[in-house]
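Participant: Dropping in structure33.txt, which is compact mmCIF, C-alpha atoms:
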# COMPACT_ATOMS: atom_id res chain seq x y z
CA MET F 78 18.68 -24.04 10.58
CA SER F 79 21.14 -22.22 8.34
CA SER F 80 23.58 -19.79 9.89
CA VAL F 81 23.73 -17.77 6.67
CA LEU F 82 21.40 -14.78 6.45
CA GLN F 83 21.04 -12.90 3.17
CA PRO F 84 20.07 -9.22 3.20
CA ALA F 85 17.28 -7.83 1.07
CA VAL F 86 18.28 -6.88 -2.48
CA THR F 87 17.70 -3.31 -3.62
CA GLU F 88 18.68 -1.45 -6.78
CA ASP F 89 21.10 0.79 -4.89
CA HIS F 90 22.68 -1.97 -2.84
CA PRO F 91 23.78 -5.20 -4.54
CA PRO F 92 23.73 -8.49 -2.60
CA THR F 93 26.40 -8.63 0.08
CA ALA F 94 27.26 -11.10 2.81
CA ALA F 95 25.34 -10.78 6.05
CA LYS F 96 27.05 -9.16 9.00
CA TYR F 97 28.99 -11.86 10.75
CA ARG F 98 30.18 -11.79 14.35
CA PRO F 99 33.65 -13.29 14.89
CA VAL F 100 33.31 -15.62 17.86
CA SER F 101 36.73 -17.26 17.66
CA SER F 102 39.81 -17.33 15.44
CA HIS F 103 38.14 -19.89 13.16
CA LEU F 104 34.41 -19.19 13.44
CA ALA F 105 32.06 -16.33 12.60
CA ILE F 106 28.28 -16.49 12.87
CA ALA F 107 25.29 -14.51 11.64
CA PRO F 108 22.58 -15.64 14.10
CA PRO F 109 22.20 -13.19 17.02
CA VAL F 110 22.83 -14.70 20.46
CA SER F 111 20.82 -13.79 23.57
CA VAL F 112 22.12 -14.59 27.05
CA VAL F 113 19.53 -14.98 29.82
CA ILE F 114 20.67 -14.43 33.41
CA PRO F 115 18.12 -14.98 36.21
CA ALA F 116 19.26 -13.03 39.27
CA MET F 117 18.08 -12.19 42.76
CA ASN F 118 20.42 -10.24 45.04
CA GLU F 119 23.52 -11.05 42.98
CA ALA F 120 25.06 -7.58 42.82
CA GLU F 121 28.39 -8.82 44.21
CA ASN F 122 28.61 -11.69 41.73
CA LEU F 123 27.58 -9.92 38.53
CA PRO F 124 31.01 -8.31 37.91
CA TYR F 125 32.51 -11.80 37.66
CA VAL F 126 29.68 -12.99 35.41
CA PHE F 127 29.78 -10.08 32.98
CA LYS F 128 33.57 -10.03 32.85
CA THR F 129 33.63 -13.36 31.02
CA LEU F 130 30.75 -12.70 28.59
CA PRO F 131 31.97 -12.37 24.97
CA ASP F 132 31.55 -8.92 23.41
CA TRP F 133 29.94 -10.39 20.27
CA ILE F 134 26.76 -11.30 22.16
CA HIS F 135 23.65 -9.69 20.64
CA GLU F 136 21.90 -9.02 23.95
CA VAL F 137 21.95 -9.81 27.65
CA VAL F 138 18.57 -10.32 29.31
CA LEU F 139 18.71 -10.00 33.11
CA VAL F 140 15.61 -11.31 34.87
CA ASP F 141 15.43 -9.62 38.25
CA GLY F 142 13.66 -11.61 40.95
CA ASN F 143 12.70 -8.60 43.08
CA SER F 144 16.24 -7.98 44.32
CA THR F 145 16.71 -5.84 47.41
CA ASP F 146 20.33 -4.99 46.63
CA ASP F 147 21.86 -3.15 43.65
CA THR F 148 21.58 -6.05 41.20
CA VAL F 149 19.85 -4.03 38.47
CA ALA F 150 22.04 -0.93 38.86
CA VAL F 151 25.22 -3.02 38.77
CA ALA F 152 24.05 -4.89 35.67
CA ARG F 153 23.30 -1.65 33.83
CA ASP F 154 26.67 -0.24 34.80
CA LEU F 155 28.54 -3.34 33.64
CA TRP F 156 26.57 -3.86 30.42
CA PRO F 157 24.88 -0.56 29.42
CA GLY F 158 22.63 -2.20 26.84
CA VAL F 159 21.35 -4.92 29.19
CA LYS F 160 17.64 -5.67 28.92
CA VAL F 161 16.20 -5.85 32.46
CA VAL F 162 12.98 -7.82 32.89
CA GLU F 163 11.08 -7.89 36.16
CA GLN F 164 10.08 -11.35 37.33
CA ARG F 165 6.43 -11.49 38.32
CA GLY F 166 6.38 -15.01 39.79
CA LYS F 167 8.89 -16.96 41.86
CA GLY F 168 11.47 -19.65 41.20
CA LYS F 169 14.26 -20.25 38.69
CA GLY F 170 11.97 -21.91 36.18
CA ASP F 171 9.62 -18.95 36.20
CA ALA F 172 12.57 -16.57 35.81
CA LEU F 173 13.98 -18.44 32.83
CA ILE F 174 10.61 -18.65 31.08
CA THR F 175 10.21 -14.89 31.59
CA GLY F 176 13.68 -14.29 30.16
CA PHE F 177 13.13 -16.55 27.15
CA GLN F 178 10.01 -14.60 26.24
CA ALA F 179 12.02 -11.37 26.22
CA CYS F 180 14.79 -12.67 23.94
CA THR F 181 15.11 -11.49 20.35
CA GLY F 182 18.12 -13.61 19.36
CA ASP F 183 17.95 -16.80 17.31
CA ILE F 184 20.17 -18.56 19.86
CA ILE F 185 19.48 -18.45 23.60
CA VAL F 186 22.09 -19.20 26.26
CA MET F 187 21.22 -19.80 29.94
CA VAL F 188 23.81 -18.56 32.46
CA ASP F 189 23.59 -18.50 36.26
CA ALA F 190 24.28 -15.24 38.09
CA ASP F 191 26.38 -16.66 40.94
CA GLY F 192 29.70 -16.62 39.09
CA SER F 193 29.88 -20.42 38.78
CA ALA F 194 29.79 -20.41 34.97
CA ASP F 195 32.55 -19.24 32.64
CA GLY F 196 31.11 -17.08 29.87
CA ASN F 197 34.11 -17.92 27.68
CA GLU F 198 32.56 -21.36 27.20
CA ILE F 199 29.65 -19.84 25.27
CA VAL F 200 31.63 -20.14 22.06
CA SER F 201 31.59 -23.95 22.43
CA TYR F 202 27.82 -23.98 22.86
CA VAL F 203 27.23 -21.71 19.89
CA SER F 204 29.65 -23.70 17.75
CA ALA F 205 27.67 -26.88 18.44
CA LEU F 206 24.41 -25.18 17.46
CA VAL F 207 25.61 -23.67 14.18
CA SER F 208 27.16 -27.06 13.38
CA GLY F 209 23.77 -28.77 13.48
CA ALA F 210 22.66 -29.34 17.07
CA ASP F 211 19.28 -28.09 18.27
CA PHE F 212 20.19 -28.10 21.96
CA ALA F 213 23.69 -27.71 23.42
CA LYS F 214 23.64 -29.18 26.92
CA GLY F 215 26.36 -28.36 29.41
CA SER F 216 27.84 -31.29 31.31
CA ARG F 217 30.14 -31.26 34.31
CA PHE F 218 30.81 -34.97 33.90
CA ALA F 219 31.57 -35.20 30.19
CA ASN F 220 35.24 -35.60 29.30
CA GLY F 221 36.80 -32.17 29.87
CA GLY F 222 34.15 -30.94 32.31
CA GLY F 223 34.30 -30.62 36.08
CA THR F 224 32.79 -29.12 39.20
CA ASP F 225 34.05 -27.43 42.35
CA ASP F 226 30.61 -27.13 43.87
CA MET F 227 29.08 -30.57 44.38
CA THR F 228 29.17 -32.71 47.49
CA PHE F 229 29.35 -36.49 47.23
CA ILE F 230 25.65 -36.75 48.09
CA ARG F 231 24.67 -34.31 45.36
CA LYS F 232 26.85 -36.12 42.82
CA LEU F 233 25.23 -39.41 43.79
CA GLY F 234 21.76 -37.93 43.51
CA ASN F 235 22.54 -36.37 40.13
CA TRP F 236 23.90 -39.70 38.88
CA ALA F 237 20.82 -41.61 40.05
CA LEU F 238 18.38 -39.14 38.50
CA CYS F 239 20.42 -38.96 35.29
CA THR F 240 20.44 -42.76 35.03
CA ALA F 241 16.66 -42.83 35.49
CA VAL F 242 16.14 -40.32 32.66
CA ASN F 243 18.50 -42.18 30.36
CA ARG F 244 16.72 -45.48 30.92
CA LYS F 245 13.17 -44.20 30.80
CA PHE F 246 13.50 -41.76 27.90
CA GLY F 247 16.32 -43.24 25.84
CA ALA F 248 18.70 -40.34 26.53
CA ARG F 249 22.48 -40.58 26.79
CA TYR F 250 23.20 -37.79 29.24
CA THR F 251 26.22 -37.64 31.54
CA ASP F 252 24.73 -34.78 33.58
CA LEU F 253 21.13 -33.86 34.34
CA CYS F 254 20.75 -30.98 36.81
CA TYR F 255 22.95 -28.30 35.27
CA GLY F 256 21.78 -24.85 34.23
CA TYR F 257 24.35 -23.91 31.59
CA ASN F 258 22.66 -24.70 28.27
CA ALA F 259 22.04 -23.13 24.86
CA PHE F 260 19.50 -23.76 22.12
CA TRP F 261 17.84 -22.37 19.03
CA ARG F 262 14.84 -20.27 20.00
CA HIS F 263 12.48 -22.39 17.87
CA CYS F 264 13.03 -25.25 20.33
CA LEU F 265 10.78 -23.46 22.84
CA ASP F 266 7.78 -24.23 20.62
CA LYS F 267 8.47 -27.95 21.02
CA ILE F 268 9.26 -28.28 24.73
CA ASP F 269 6.50 -26.08 26.24
CA LEU F 270 8.03 -25.29 29.65
CA ASP F 271 5.58 -25.25 32.56
CA CYS F 272 7.48 -25.45 35.85
CA THR F 273 8.74 -22.81 38.25
CA GLY F 274 11.65 -24.24 40.27
CA PHE F 275 15.15 -25.65 39.89
CA GLU F 276 13.66 -28.70 38.17
CA VAL F 277 13.36 -26.63 34.98
CA GLU F 278 16.70 -27.93 33.64
CA THR F 279 15.56 -31.53 34.04
CA LEU F 280 12.25 -30.78 32.34
CA MET F 281 14.06 -29.20 29.40
CA ASN F 282 16.43 -32.16 29.11
CA ILE F 283 13.57 -34.64 29.07
CA ARG F 284 11.38 -32.75 26.64
CA VAL F 285 14.10 -32.13 24.07
CA VAL F 286 14.58 -35.90 23.93
CA LYS F 287 10.84 -36.53 23.71
CA ALA F 288 10.62 -33.97 20.90
CA GLY F 289 13.34 -35.73 18.94
CA LEU F 290 15.68 -32.72 18.95
CA LYS F 291 19.38 -33.18 18.28
CA VAL F 292 21.33 -32.77 21.53
CA GLN F 293 25.07 -32.29 21.92
CA GLU F 294 26.72 -32.26 25.32
CA ILE F 295 29.32 -29.56 25.97
CA PRO F 296 32.02 -30.18 28.63
CA SER F 297 31.73 -27.39 31.19
CA HIS F 298 33.45 -26.51 34.44
CA GLU F 299 31.32 -25.34 37.35
CA TYR F 300 33.08 -23.07 39.82
CA LEU F 301 32.14 -22.23 43.38
CA ARG F 302 29.59 -19.51 44.01
CA ILE F 303 31.66 -16.40 44.73
CA HIS F 304 29.41 -14.51 47.16
CA GLY F 305 26.24 -15.36 49.05
CA THR F 306 24.45 -18.66 49.48
CA SER F 307 22.50 -20.73 47.00
CA ASN F 308 18.74 -21.19 47.20
CA LEU F 309 19.21 -24.79 46.06
CA ARG F 310 18.19 -27.42 48.62
CA ALA F 311 19.45 -30.87 47.66
CA VAL F 312 16.67 -32.99 49.19
CA ARG F 313 13.76 -30.67 48.46
CA ASP F 314 14.80 -29.91 44.89
CA GLY F 315 15.89 -33.50 44.27
CA LEU F 316 12.36 -34.63 45.08
CA ARG F 317 10.95 -32.02 42.72
CA VAL F 318 13.21 -33.33 39.97
CA LEU F 319 12.06 -36.89 40.68
CA ARG F 320 8.41 -35.82 40.46
CA VAL F 321 9.09 -34.26 37.07
CA ILE F 322 10.67 -37.50 35.82
CA LEU F 323 7.74 -39.58 37.04
CA ARG F 324 5.19 -37.15 35.61
CA GLU F 325 6.84 -37.02 32.20
CA ARG F 326 7.13 -40.81 32.15
CA SER F 327 3.45 -41.13 33.04
CA ASN F 328 2.49 -38.67 30.32
CA ARG F 329 4.55 -40.61 27.80
CA ARG F 330 2.81 -43.87 28.68
CA ALA F 331 -0.61 -42.21 28.42
CA LEU F 332 0.27 -40.84 24.99
CA ARG F 333 1.39 -44.28 23.82
CA ARG F 334 -1.87 -45.83 25.01
CA ARG F 335 -3.91 -43.19 23.17
CA SER F 336 -1.84 -43.66 20.02
CA SER F 337 -2.23 -47.44 20.18
CA ARG F 338 -5.97 -47.16 20.75
CA SER F 339 -6.46 -44.72 17.87
CA SER F 340 -4.66 -47.08 15.50
CA VAL F 341 -7.15 -49.89 16.17
CA PRO F 342 -10.25 -49.87 13.88
CA ALA F 343 -13.48 -48.81 15.59
CA ALA F 344 -15.12 -52.14 14.81
CA VAL F 345 -12.39 -53.99 16.63
CA ARG F 346 -12.79 -51.71 19.66
CA GLY F 347 -16.52 -52.49 19.68
CA GLU F 348 -17.50 -48.94 18.68
CA VAL F 349 -20.32 -48.11 16.27
CA SER F 350 -20.76 -45.07 14.09
Could you write out this structure as structure tokens?
Facilitator:
Amino acid sequence: MSSVLQPAVTEDHPPTAAKYRPVSSHLAIAPPVSVVIPAMNEAENLPYVFKTLPDWIHEVVLVDGNSTDDTVAVARDLWPGVKVVEQRGKGKGDALITGFQACTGDIIVMVDADGSADGNEIVSYVSALVSGADFAKGSRFANGGGTDDMTFIRKLGNWALCTAVNRKFGARYTDLCYGYNAFWRHCLDKIDLDCTGFEVETLMNIRVVKAGLKVQEIPSHEYLRIHGTSNLRAVRDGLRVLRVILRERSNRRALRRRSSRSSVPAAVRGEVS
């Protein structure tokens, strides 16, 4: 997808360059960027999240998961133009899908609301996309990345699940269960998200590979949650991730069998017209 947008030509206004947004000292882009932030009772953390968001962002979409604190009021105070969307269902996957549907930008960035992500890194994700990638995947374990918020057991589990995805789907990921990602909006038509929980990141990572999309990993540093406690449960959500991997692998095998069967002439299969 080209990052150059040409305005309509009229008699009164000759052709001019599209409005570009400077995103760094050496890069300016035309595609609008939407940032999706799923949040539930994150009023104390949002000041840290919004403080690092670049001012050239086209829109911020906050998906409120029925918060009982001042999450929405704080978001509107910090970013007056924020688009607040009420989450009807439950779970992070459901919240993200709701947020994606509300986006108007050509590029969508996923950011957690707990203060663990640095919004200044968004420029790296966007740079990868306008340079040719379809999906810019954050990685805490790529060279230059890091994490302050993973126990040894969680690191081991992430490594095991990541290895399984790489072997079964031909991926080359260094990280699997990380929620800081960015992509062109058209990618949503090819990955068809249909899960509600924390396993949504794994599902996205698998389906972009299955769809043949160009993926570029972006080194990212994950910081500790600033306030509150996470809803993530290592064992429970790890099992949900594993079920997604097994289901997607099973679906892939079934598709291969159907494709192989359809390529065999009817006469050979013993069918008659």
Participant: Report as a list in words all protein, DNA and RNA residues lying within 9 Å of Ser201 of chain F, evaluated on all atoms listed in the file, omitting residues in the same chain fewer than 3 positions from it.
Facilitator: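 Selected residues are Asn197, Glu198, Ser204, Ala205, Leu206, Ala213, Ile295 and Pro296 of chain F.
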Participant: For Val203 of chain F, which residue among F:Asp191, F:Glu136, F:Asp183, F:Glu278 is the nearest when counting all atoms listed in the file?
Facilitator: F:Asp183
Participant: Just how far from atom CA of Thr175 of chain F is atom CA of Gly256 of chain F, in Å to one decimal?
Facilitator: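 Value for the atom CA of Gly256 of chain F-atom CA of Thr175 of chain F distance: 15.5 Å.
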Participant: Could you tell me how far atom CA of Val318 of chain F lies from atom CA of Met227 of chain F, in Å and to one decimal?
Facilitator: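 One can read the atom CA of Val318 of chain F to atom CA of Met227 of chain F distance as 16.7 Å.
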Participant: Calculate how many Å separate atom CA of Leu319 of chain F from atom CA of Ala219 of chain F, rounding to one decimal.
Facilitator: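 Result for atom CA of Leu319 of chain F versus atom CA of Ala219 of chain F: 22.2 Å, one decimal.
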Participant: From the list F:Thr306, F:Thr279, F:Asn328, F:Asn143, which residue is nearest Glu121 of chain F when using all atoms listed in the file?
Facilitator: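 Nearest to Glu121 of chain F: F:Thr306.
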Participant: Mind listing as a list in words all residues within 10 Å of (32.3, -16.2, 16.5), counting all atoms listed in the file?
Facilitator: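 Counting all atoms listed in the file, I find these residues within 10 Å of (32.3, -16.2, 16.5): Tyr97, Arg98, Pro99, Val100, Ser101, Ser102, His103, Leu104, Ala105, Ile106, Ala107, Pro131, Trp133, Ile134, Ile199, Val200, Ser201, Val203 and Ser204 of chain F.
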Participant: Just the selected residues (C-alpha atoms), exported as a PDB file, keeping the file's coordinate frame, please.
Facilitator:
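File selection_33.pdb, as written:
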ATOM      1  CA  TYR F  97      28.990 -11.860  10.750  1.00  0.00           C
ATOM      2  CA  ARG F  98      30.180 -11.790  14.350  1.00  0.00           C
ATOM      3  CA  PRO F  99      33.650 -13.290  14.890  1.00  0.00           C
ATOM      4  CA  VAL F 100      33.310 -15.620  17.860  1.00  0.00           C
ATOM      5  CA  SER F 101      36.730 -17.260  17.660  1.00  0.00           C
ATOM      6  CA  SER F 102      39.810 -17.330  15.440  1.00  0.00           C
ATOM      7  CA  HIS F 103      38.140 -19.890  13.160  1.00  0.00           C
ATOM      8  CA  LEU F 104      34.410 -19.190  13.440  1.00  0.00           C
ATOM      9  CA  ALA F 105      32.060 -16.330  12.600  1.00  0.00           C
ATOM     10  CA  ILE F 106      28.280 -16.490  12.870  1.00  0.00           C
ATOM     11  CA  ALA F 107      25.290 -14.510  11.640  1.00  0.00           C
ATOM     12  CA  PRO F 131      31.970 -12.370  24.970  1.00  0.00           C
ATOM     13  CA  TRP F 133      29.940 -10.390  20.270  1.00  0.00           C
ATOM     14  CA  ILE F 134      26.760 -11.300  22.160  1.00  0.00           C
ATOM     15  CA  ILE F 199      29.650 -19.840  25.270  1.00  0.00           C
ATOM     16  CA  VAL F 200      31.630 -20.140  22.060  1.00  0.00           C
ATOM     17  CA  SER F 201      31.590 -23.950  22.430  1.00  0.00           C
ATOM     18  CA  VAL F 203      27.230 -21.710  19.890  1.00  0.00           C
ATOM     19  CA  SER F 204      29.650 -23.700  17.750  1.00  0.00           C
TER      20      SER F 204
END
Participant: Nearest to Phe212 of chain F among F:Arg244, F:Arg317, F:Arg326, F:Arg284, with distances taken over only C-alpha atoms: which residue is it?
Facilitator: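 Nearest candidate to Phe212 of chain F out of F:Arg244, F:Arg317, F:Arg326, F:Arg284: F:Arg284.
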